[in-house]
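upload-v5.cif follows (mmCIF, C-alpha atoms):
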```cif
data_model
#
loop_
_atom_site.group_PDB
_atom_site.id
_atom_site.type_symbol
_atom_site.label_atom_id
_atom_site.label_comp_id
_atom_site.auth_asym_id
_atom_site.auth_seq_id
_atom_site.Cartn_x
_atom_site.Cartn_y
_atom_site.Cartn_z
ATOM 1 C CA MET A 1 102.695 128.201 -16.036
ATOM 2 C CA SER A 2 99.803 127.693 -18.432
ATOM 3 C CA CYS A 3 97.264 124.892 -18.179
ATOM 4 C CA GLU A 4 95.256 123.980 -21.257
ATOM 5 C CA ILE A 5 92.172 121.821 -21.271
ATOM 6 C CA ASP A 6 91.591 119.601 -24.280
ATOM 7 C CA THR A 7 88.092 120.401 -25.499
ATOM 8 C CA GLY A 8 88.429 118.544 -28.794
ATOM 9 C CA PRO A 9 86.004 115.862 -29.909
ATOM 10 C CA LYS A 10 86.151 112.582 -28.053
ATOM 11 C CA THR A 11 85.467 109.104 -29.400
ATOM 12 C CA VAL A 12 83.470 106.814 -27.165
ATOM 13 C CA TYR A 13 82.905 103.157 -27.965
ATOM 14 C CA PHE A 14 79.972 101.216 -26.551
ATOM 15 C CA GLN A 15 79.730 97.464 -26.612
ATOM 16 C CA THR A 16 76.326 95.916 -26.345
ATOM 17 C CA THR A 17 76.046 92.937 -24.074
ATOM 18 C CA LYS A 18 73.371 90.352 -24.541
ATOM 19 C CA VAL A 19 71.721 89.177 -21.320
ATOM 20 C CA ILE A 20 69.947 85.819 -21.202
ATOM 21 C CA SER A 21 68.264 83.881 -18.398
ATOM 22 C CA VAL A 22 69.723 80.790 -16.774
ATOM 23 C CA SER A 23 66.915 78.650 -18.170
ATOM 24 C CA HIS A 24 67.499 79.998 -21.696
ATOM 25 C CA ALA A 25 71.257 79.344 -21.398
ATOM 26 C CA LYS A 26 70.654 75.896 -19.965
ATOM 27 C CA THR A 27 68.498 74.692 -22.846
ATOM 28 C CA ARG A 28 70.564 76.366 -25.593
ATOM 29 C CA LEU A 29 74.119 76.429 -24.213
ATOM 30 C CA GLY A 30 75.706 74.998 -27.357
ATOM 31 C CA ARG A 31 73.978 77.573 -29.559
ATOM 32 C CA VAL A 32 74.855 80.402 -27.167
ATOM 33 C CA ILE A 33 78.540 79.416 -27.239
ATOM 34 C CA ASP A 34 78.517 79.144 -31.042
ATOM 35 C CA GLN A 35 76.981 82.625 -31.287
ATOM 36 C CA VAL A 36 79.608 84.097 -28.918
ATOM 37 C CA ILE A 37 82.393 82.541 -30.989
ATOM 38 C CA LYS A 38 80.850 83.800 -34.236
ATOM 39 C CA THR A 39 80.073 87.376 -33.146
ATOM 40 C CA HIS A 40 82.863 87.870 -30.554
ATOM 41 C CA GLU A 41 80.205 89.479 -28.334
ATOM 42 C CA PRO A 42 79.903 88.311 -24.724
ATOM 43 C CA VAL A 43 76.694 87.030 -23.167
ATOM 44 C CA VAL A 44 75.809 87.706 -19.525
ATOM 45 C CA ILE A 45 73.717 85.339 -17.433
ATOM 46 C CA PRO A 46 72.375 86.876 -14.203
ATOM 47 C CA ARG A 47 71.626 84.701 -11.190
ATOM 48 C CA GLY A 48 70.283 86.687 -8.279
ATOM 49 C CA GLU A 49 72.844 89.332 -7.345
ATOM 50 C CA ASN A 50 75.629 87.560 -9.287
ATOM 51 C CA HIS A 51 76.413 87.504 -12.994
ATOM 52 C CA VAL A 52 78.373 85.130 -15.210
ATOM 53 C CA MET A 53 79.819 86.115 -18.569
ATOM 54 C CA ILE A 54 80.416 83.824 -21.523
ATOM 55 C CA ALA A 55 83.006 85.518 -23.710
ATOM 56 C CA PRO A 56 85.546 84.508 -26.351
ATOM 57 C CA TYR A 57 88.960 83.642 -24.943
ATOM 58 C CA HIS A 58 92.137 83.455 -26.996
ATOM 59 C CA LEU A 59 94.966 81.425 -25.545
ATOM 60 C CA PRO A 60 98.289 83.269 -25.525
ATOM 61 C CA ALA A 61 100.839 82.142 -28.082
ATOM 62 C CA PRO A 62 103.621 79.883 -26.744
ATOM 63 C CA ASP A 63 106.164 82.682 -27.228
ATOM 64 C CA GLU A 64 104.062 85.014 -25.057
ATOM 65 C CA MET A 65 103.904 82.407 -22.298
ATOM 66 C CA GLU A 66 107.652 81.818 -22.497
ATOM 67 C CA LEU A 67 108.379 85.548 -22.350
ATOM 68 C CA ALA A 68 106.098 85.842 -19.334
ATOM 69 C CA ARG A 69 107.976 82.991 -17.626
ATOM 70 C CA VAL A 70 111.328 84.649 -18.308
ATOM 71 C CA ALA A 71 110.001 87.981 -17.063
ATOM 72 C CA ARG A 72 108.758 86.373 -13.831
ATOM 73 C CA GLU A 73 112.173 84.811 -13.239
ATOM 74 C CA MET A 74 113.868 88.151 -13.898
ATOM 75 C CA ASP A 75 111.464 89.860 -11.477
ATOM 76 C CA LYS A 76 112.325 87.325 -8.757
ATOM 77 C CA SER A 77 115.991 88.227 -9.029
ATOM 78 C CA SER A 78 115.247 91.875 -8.084
ATOM 79 C CA VAL A 79 117.900 92.983 -10.557
ATOM 80 C CA SER A 80 117.035 95.967 -12.721
ATOM 81 C CA VAL A 81 117.460 95.084 -16.393
ATOM 82 C CA GLU A 82 117.513 97.717 -19.106
ATOM 83 C CA GLU A 83 116.009 96.726 -22.426
ATOM 84 C CA ASP A 84 118.932 96.976 -24.765
ATOM 85 C CA GLU A 85 120.172 94.603 -27.436
ATOM 86 C CA ASP A 86 122.261 92.615 -24.934
ATOM 87 C CA SER A 87 119.336 92.013 -22.574
ATOM 88 C CA LEU A 88 117.055 91.081 -25.481
ATOM 89 C CA GLN A 89 119.676 88.588 -26.641
ATOM 90 C CA ILE A 90 119.791 87.091 -23.131
ATOM 91 C CA ILE A 91 116.003 86.755 -23.123
ATOM 92 C CA ARG A 92 116.062 85.066 -26.540
ATOM 93 C CA GLU A 93 118.725 82.647 -25.271
ATOM 94 C CA GLU A 94 116.598 81.825 -22.213
ATOM 95 C CA ILE A 95 113.649 81.088 -24.508
ATOM 96 C CA ARG A 96 115.805 78.806 -26.654
ATOM 97 C CA LYS A 97 116.979 76.943 -23.532
ATOM 98 C CA TYR A 98 113.395 76.591 -22.324
ATOM 99 C CA ARG A 99 112.240 75.231 -25.688
ATOM 100 C CA ALA A 100 115.128 72.756 -25.849
ATOM 101 C CA GLU A 101 114.361 71.557 -22.317
ATOM 102 C CA ARG A 102 110.677 71.177 -23.168
ATOM 103 C CA ARG A 103 111.547 69.128 -26.288
ATOM 104 C CA ARG A 104 113.800 66.824 -24.238
ATOM 105 C CA ARG A 105 110.942 66.147 -21.793
ATOM 106 C CA LYS A 106 108.619 64.964 -24.586
#
```
Go ahead and render the structure in this file as structure tokens.
Amino acid sequence: MSCEIDTGPKTVYFQTTKVISVSHAKTRLGRVIDQVIKTHEPVVIPRGENHVMIAPYHLPAPDEMELARVAREMDKSSVSVEEDEDSLQIIREEIRKYRAERRRRK
């Protein structure tokens, strides 16, 4: 049995994080938030031993939330489901039912 070690070049990405004081954030919170949205770079605010991060957040698409709901329900059933065309069709049908039910509630 032979074991090879990958010694090829590696790519490492670093992300800079801006750190600002509580007083700076307090007086310029709107500007700080606008800058985070514009640059997509988080800002950290330390307070003693604790830290708070202001970072962009993207809400999941409705389809992603619906798929997550269906997946949770399938997990509760403890039934193993293989991902084949039939199971994908069942998931799509569950999503359609969920959407129809949501429309009726409105």
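Residues with any atom within 10 Å of Val70 of chain A, counting all atoms listed in the file and excluding same-chain neighbours fewer than 4 positions away, are Glu64, Met65, Glu66, Met74, Asp75, Lys76, Ile91, Arg92, Glu94, Ile95 and Tyr98 of chain A.
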* Of the residues A:His58, A:Arg102, A:His40, A:Lys97, which is the one nearest to Thr17 of chain A, using only C-alpha atoms? -> A:His40
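Picked out by the PyMOL selection byres ((chain A and resi 33) around 12) when it runs on this file: Ala25, Lys26, Thr27, Arg28, Leu29, Gly30, Arg31, Val32, Asp34, Gln35, Val36, Ile37, Lys38, Thr39, His40, Glu41, Pro42, Val43, Val44, Met53, Ile54, Ala55, Pro56 and Tyr57 of chain A.
Distances from A:Phe14, A:Arg99, A:Ala71, A:Ile5 to Ser87 of chain A were compared using only C-alpha atoms, and the smallest one belongs to A:Ala71.
Residues in contact with Val52 of chain A at up to 10 Å, not including ones fewer than 4 positions away on its chain and judged by all atoms listed in the file, are Val19, Val22, Val43, Val44, Ile45, Pro46 and Arg47 of chain A.
Comparing the minimum interatomic distances between Leu88 of chain A and each of A:Ser23, A:His51, A:Leu67, A:Leu59, counting all atoms listed in the file, we find that A:Leu67 sits nearest.
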How would segment 32-46 of chain A look with N, CA and C atoms restored, written as a tab-separated table (two decimals), keeping the file's coordinate frame?
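Saved file part.tsv follows:
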```
chain	number	residue	atom	x	y	z
A	32	VAL	N	74.36	79.14	-27.75
A	32	VAL	CA	74.86	80.40	-27.17
A	32	VAL	C	76.36	80.50	-27.36
A	33	ILE	N	77.08	79.43	-27.07
A	33	ILE	CA	78.54	79.42	-27.24
A	33	ILE	C	78.92	79.63	-28.70
A	34	ASP	N	78.22	78.95	-29.61
A	34	ASP	CA	78.52	79.14	-31.04
A	34	ASP	C	78.32	80.60	-31.46
A	35	GLN	N	77.26	81.23	-30.95
A	35	GLN	CA	76.98	82.62	-31.29
A	35	GLN	C	78.07	83.55	-30.74
A	36	VAL	N	78.53	83.29	-29.52
A	36	VAL	CA	79.61	84.10	-28.92
A	36	VAL	C	80.89	83.97	-29.75
A	37	ILE	N	81.19	82.76	-30.17
A	37	ILE	CA	82.39	82.54	-30.99
A	37	ILE	C	82.26	83.26	-32.32
A	38	LYS	N	81.08	83.20	-32.91
A	38	LYS	CA	80.85	83.80	-34.24
A	38	LYS	C	80.89	85.32	-34.18
A	39	THR	N	80.21	85.92	-33.19
A	39	THR	CA	80.07	87.38	-33.15
A	39	THR	C	81.14	88.07	-32.31
A	40	HIS	N	81.87	87.31	-31.48
A	40	HIS	CA	82.86	87.87	-30.55
A	40	HIS	C	82.22	88.80	-29.53
A	41	GLU	N	80.92	88.66	-29.31
A	41	GLU	CA	80.20	89.48	-28.33
A	41	GLU	C	79.85	88.62	-27.12
A	42	PRO	N	80.18	89.10	-25.93
A	42	PRO	CA	79.90	88.31	-24.72
A	42	PRO	C	78.42	88.23	-24.42
A	43	VAL	N	78.06	87.22	-23.65
A	43	VAL	CA	76.69	87.03	-23.17
A	43	VAL	C	76.76	86.97	-21.65
A	44	VAL	N	75.86	87.68	-20.99
A	44	VAL	CA	75.81	87.71	-19.52
A	44	VAL	C	74.59	86.92	-19.06
A	45	ILE	N	74.80	86.12	-18.03
A	45	ILE	CA	73.72	85.34	-17.43
A	45	ILE	C	73.60	85.76	-15.96
A	46	PRO	N	72.54	86.48	-15.60
A	46	PRO	CA	72.38	86.88	-14.20
A	46	PRO	C	71.77	85.75	-13.38
```
